[in-house]
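> Next up is a structure, given as structure tokens.
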Amino acid sequence: MVLALSAGLAGSVSAQNLKAWRHGIIEAKSDAGILFMPGARDFAAKRGLKLELVQLKTDAIALKALLSGDLDS
């Protein structure tokens with residue numbers, strides 16, 4: 001989802017102009033490396049996002065954080 005949202009932003013963006021995007025994921029297990037890939041090697045930064053991955057214990061907590069506005073996705 002983050003990739004789809006960031007795909008619309010084109011061009012190289014300086015570090016000062018990055019928009020913060022908080023993305024919640026539910027407690028990453030051993031096979032969840034793919035969830036962290038957009039944050040690696042400045043992939044999100046090249047598309048104008050400062051990606052913050054937030055790990056949450058359960059889906060109920062994630063939903064509450066999303067509804068309260070603490071998370072963007």
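All residue names refer to the structure tokens as shown: chains lettered A, B, ... in order, residues numbered from 1 in each chain, ligands numbered from 1 in order.
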What's around stretch 34-40 of chain A at 10 Å? Count only C-alpha atoms, leave out sequence neighbours fewer than 2 positions away in its own chain, and write the answer as a ChimeraX atom specification.

/A:2-3,6,25,28,31-32,42-45,49-53

> Include C-alpha atoms and write out the residues we just selected as a PDB file, in the first residue's frame.


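See part-v9.pdb below for the written result:
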```pdb
ATOM      1  CA  VAL A   2       2.827   2.383   0.854  1.00  0.00           C
ATOM      2  CA  LEU A   3       4.459   1.596  -2.462  1.00  0.00           C
ATOM      3  CA  SER A   6       4.549   6.692  -2.968  1.00  0.00           C
ATOM      4  CA  ILE A  25       2.570  -3.472  10.856  1.00  0.00           C
ATOM      5  CA  ALA A  28       6.915  -8.874  12.406  1.00  0.00           C
ATOM      6  CA  ASP A  31       9.410 -14.188   7.303  1.00  0.00           C
ATOM      7  CA  ALA A  32       8.311 -10.542   7.336  1.00  0.00           C
ATOM      8  CA  ASP A  42      16.246   5.031   0.759  1.00  0.00           C
ATOM      9  CA  PHE A  43      13.548   3.619  -1.535  1.00  0.00           C
ATOM     10  CA  ALA A  44      10.836   5.697   0.145  1.00  0.00           C
ATOM     11  CA  ALA A  45      13.064   8.779   0.481  1.00  0.00           C
ATOM     12  CA  LEU A  49       8.533  10.000   1.923  1.00  0.00           C
ATOM     13  CA  LYS A  50      10.145   9.615   5.303  1.00  0.00           C
ATOM     14  CA  LEU A  51       8.836   6.134   6.043  1.00  0.00           C
ATOM     15  CA  GLU A  52       8.396   5.206   9.694  1.00  0.00           C
ATOM     16  CA  LEU A  53       7.469   1.562  10.278  1.00  0.00           C
TER      17      LEU A  53
END
```

> I need the strand (DSSP E or B) residues of stretch 5-66 of chain A per DSSP on the backbone, written as a list in words.

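So, restricting stretch 5-66 of chain A to strand (DSSP E or B), we get Lys19, Ala20, Trp21, Arg22, His23, Gly24, Ile25, Ile26, Leu49, Lys50, Leu51, Glu52, Leu53, Val54, Gln55 and Leu56 of chain A.
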
> Leaving out A:Leu66 and any residue of its chain fewer than 2 positions from it, which residues lie within 12 Å of it when counting only C-alpha atoms, given as a ChimeraX atom specification?

/A:22-25,54,56,59-64,68-73

> Could you write out that same residue set with C-alpha atoms as an mmCIF file, in the first residue's frame?


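Below you can see out24.cif, which holds the result:
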```cif
data_model
loop_
_atom_site.group_PDB
_atom_site.id
_atom_site.type_symbol
_atom_site.label_atom_id
_atom_site.label_comp_id
_atom_site.auth_asym_id
_atom_site.auth_seq_id
_atom_site.Cartn_x
_atom_site.Cartn_y
_atom_site.Cartn_z
ATOM 1 C CA ARG A 22 3.772 6.305 9.590
ATOM 2 C CA HIS A 23 2.923 2.750 8.508
ATOM 3 C CA GLY A 24 1.804 0.216 11.094
ATOM 4 C CA ILE A 25 2.570 -3.472 10.856
ATOM 5 C CA VAL A 54 5.666 1.039 13.577
ATOM 6 C CA LEU A 56 2.143 -3.128 16.917
ATOM 7 C CA ASP A 59 -4.557 -5.907 14.969
ATOM 8 C CA ALA A 60 -6.944 -4.297 17.472
ATOM 9 C CA ILE A 61 -4.211 -1.925 18.620
ATOM 10 C CA ALA A 62 -3.299 -1.211 14.987
ATOM 11 C CA LEU A 63 -6.906 -0.351 14.160
ATOM 12 C CA LYS A 64 -7.182 1.980 17.163
ATOM 13 C CA SER A 68 -6.972 7.944 16.148
ATOM 14 C CA GLY A 69 -4.696 9.332 13.451
ATOM 15 C CA ASP A 70 -1.428 8.033 14.889
ATOM 16 C CA LEU A 71 -0.825 6.001 11.707
ATOM 17 C CA ASP A 72 -1.241 6.889 8.042
ATOM 18 C CA SER A 73 -1.652 3.284 6.919
#
```
